[in-house]
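Have a look at the structure below before the remarks.
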Amino acid sequence: MCLMKSGGMAVSVSDKLDFVIRKNSIRAVILLDDENEQKDMLQYCGNSNKRHFTLPTKLSENRNSDLCVIDRFSDNLGRLAVISRDGKFRFEYKGPSDADDDPFDPLDVAVAGDGCILIVDKILGVHQVTSRGTLARLLLTERQGLVSPRSVTVDEERKAWVGCEKGIIIRVWTFIDPRHRPLTSTDNDSLV
């Protein structure tokens, strides 16, 4: 779930935690107002019977009030689906095009104030994706010390925080650089 900038919240829901969609399955994002009353349920593409999601899990709101949703297809495969608050499909991101041998296994998503989207991928690391859905760069990978990432958030100082297995937290100091230079520093903090 995520709190919306305009008030209320968005919550991902599923009738079952599996990847089989049945005729009466519910796989949606529900929009709630400030009184926690349901305003809308985003489940289908427009007036069609085509569903937006297989298994929506994590979500975040971008600066255009679109919803960036992690949608799981299986235990180790998924995508980022971006839809407007009125249910229009904007774009999807399924990982770098040159990583065909590695499945895209997204677990969490966060959006920075400038619209940059950060996605934690269990296989390749942290993807920095533009607001149009293209890969800007792999922000943090195993080669840079990332091990088993699970969650991501961005603070008000535009620092990314990545939670990993075994209580390890990685703070990325300068993750937004218009020239896309390598990271200038990271801190690894182990929580005991």
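Chain identifiers are assigned as A, B, and so on, following the order in which chains appear in the structure tokens; residues are numbered from 1 within each chain, and ligands are numbered from 1 in order of appearance.
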
Find the spatial neighbours of Val109 (chain A), counting only C-alpha atoms, within a cut-off of 12 Å - ignore same-chain residues fewer than 6 positions away - and output them as a PyMOL selection string. chain A and resi 1-2+56-62+67-71+79-82+93+116-121+126-129+149-154+160-163

Go ahead and save the picked residues with C-alpha atoms, as a PDB file, in the first residue's frame.
ATOM      1  CA  MET A   1       0.000   0.000   0.000  1.00  0.00           C
ATOM      2  CA  CYS A   2       1.029   3.612  -0.382  1.00  0.00           C
ATOM      3  CA  PRO A  56      -0.046  -7.121  -7.714  1.00  0.00           C
ATOM      4  CA  THR A  57       2.214  -6.750  -4.690  1.00  0.00           C
ATOM      5  CA  LYS A  58       4.143  -3.537  -3.940  1.00  0.00           C
ATOM      6  CA  LEU A  59       3.221  -0.116  -5.263  1.00  0.00           C
ATOM      7  CA  SER A  60       4.215   3.528  -5.232  1.00  0.00           C
ATOM      8  CA  GLU A  61       2.834   6.762  -6.684  1.00  0.00           C
ATOM      9  CA  ASN A  62       4.800   8.850  -9.185  1.00  0.00           C
ATOM     10  CA  LEU A  67       0.571   4.063  -9.791  1.00  0.00           C
ATOM     11  CA  CYS A  68       3.769   2.038 -10.213  1.00  0.00           C
ATOM     12  CA  VAL A  69       2.847  -1.548  -9.337  1.00  0.00           C
ATOM     13  CA  ILE A  70       5.021  -4.639  -8.988  1.00  0.00           C
ATOM     14  CA  ASP A  71       3.072  -7.393 -10.751  1.00  0.00           C
ATOM     15  CA  ARG A  79       7.185  -6.662 -14.181  1.00  0.00           C
ATOM     16  CA  LEU A  80       6.534  -3.065 -13.231  1.00  0.00           C
ATOM     17  CA  ALA A  81       3.128  -1.927 -14.512  1.00  0.00           C
ATOM     18  CA  VAL A  82       2.328   1.792 -14.473  1.00  0.00           C
ATOM     19  CA  TYR A  93       9.079  -2.436 -17.561  1.00  0.00           C
ATOM     20  CA  CYS A 116      12.864   8.461 -11.266  1.00  0.00           C
ATOM     21  CA  ILE A 117      11.652   4.938 -10.453  1.00  0.00           C
ATOM     22  CA  LEU A 118      13.784   2.543  -8.392  1.00  0.00           C
ATOM     23  CA  ILE A 119      13.003  -1.167  -8.584  1.00  0.00           C
ATOM     24  CA  VAL A 120      14.589  -3.864  -6.439  1.00  0.00           C
ATOM     25  CA  ASP A 121      15.242  -6.955  -8.558  1.00  0.00           C
ATOM     26  CA  VAL A 126      18.463  -1.971  -8.171  1.00  0.00           C
ATOM     27  CA  HIS A 127      17.196  -0.647 -11.505  1.00  0.00           C
ATOM     28  CA  GLN A 128      16.916   3.113 -12.017  1.00  0.00           C
ATOM     29  CA  VAL A 129      14.115   3.568 -14.569  1.00  0.00           C
ATOM     30  CA  PRO A 149      17.949  -7.027  -1.993  1.00  0.00           C
ATOM     31  CA  ARG A 150      14.337  -7.057  -0.782  1.00  0.00           C
ATOM     32  CA  SER A 151      13.062  -3.487  -0.369  1.00  0.00           C
ATOM     33  CA  VAL A 152      13.763   0.101  -1.400  1.00  0.00           C
ATOM     34  CA  THR A 153      12.701   3.583  -0.342  1.00  0.00           C
ATOM     35  CA  VAL A 154      13.840   7.126  -1.090  1.00  0.00           C
ATOM     36  CA  ALA A 160      17.961   5.542  -1.644  1.00  0.00           C
ATOM     37  CA  TRP A 161      17.816   2.955   1.115  1.00  0.00           C
ATOM     38  CA  VAL A 162      17.907  -0.714   0.148  1.00  0.00           C
ATOM     39  CA  GLY A 163      16.972  -3.439   2.616  1.00  0.00           C
TER      40      GLY A 163
END

Residues at most 12 Å from Ser97 (chain A), counting only C-alpha atoms, excluding those fewer than 5 positions away in the same chain, as a ChimeraX atom specification? /A:102-104,134-135,137

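Residue nearest Arg90 (chain A) within the list A:Cys45, A:Ile21, A:Met4, A:Leu138: A:Cys45 [criterion: smallest interatomic distance, only C-alpha atoms].
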
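Among the candidates A:Asp101, A:Ser148, A:Asp18, A:Val172, the residue lying nearest to Ser74 (chain A) is A:Asp18 (atoms considered: only C-alpha atoms).
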
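Going from CA of Asp40 (chain A) to CA of Asp86 (chain A) covers 8.3 Å.
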
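The nearest approach to Ile123 (chain A) among the residues A:Leu55, A:Leu140, A:Leu32, A:Val11, with only C-alpha atoms taken into account, belongs to A:Leu140.
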
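Across the model, the gap from CA of Glu156 (chain A) to CA of Gly113 (chain A) is 8.3 Å.
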
Residue with the minimum atom-to-atom distance to Met9 (chain A), picked from A:Asp75, A:Arg85, A:Arg132, A:Gly125 with only C-alpha atoms counted, is A:Arg85

Residues at most 10 Å from Asn47 (chain A), counting only C-alpha atoms, excluding those fewer than 3 positions away in the same chain, as a ChimeraX atom specification? /A:44,50,87

Out of region 12-154 of chain A, which residues get strand (DSSP E) from DSSP, as a PyMOL selection string? chain A and resi 12-14+27-32+38-42+56-61+67-74+77-83+89-93+106-111+117-121+125-129+135-140+149-154

Residues of chain A in helix (DSSP H, G or I) according to DSSP, as a compact mmCIF listing (two decimals) with N, CA and C atoms, in the first residue's frame?
# COMPACT_ATOMS: atom_id res chain seq x y z
N GLU A 142 25.34 -6.70 -7.45
CA GLU A 142 26.13 -7.58 -6.60
C GLU A 142 27.61 -7.20 -6.66
N ARG A 143 28.06 -6.76 -7.81
CA ARG A 143 29.46 -6.35 -7.99
C ARG A 143 29.81 -5.19 -7.06
N GLN A 144 28.82 -4.38 -6.70
CA GLN A 144 29.05 -3.24 -5.81
C GLN A 144 28.69 -3.55 -4.36
N GLU A 165 18.57 -9.14 2.72
CA GLU A 165 18.46 -10.25 3.66
C GLU A 165 19.49 -10.12 4.77
N LYS A 166 19.24 -10.77 5.87
CA LYS A 166 20.14 -10.84 7.02
C LYS A 166 20.34 -9.48 7.67
N GLY A 167 19.36 -8.58 7.56
CA GLY A 167 19.42 -7.31 8.27
C GLY A 167 20.39 -6.29 7.72

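Coordinates place CA of Val111 (chain A) at a distance of 25.0 Å from CA of Glu35 (chain A).
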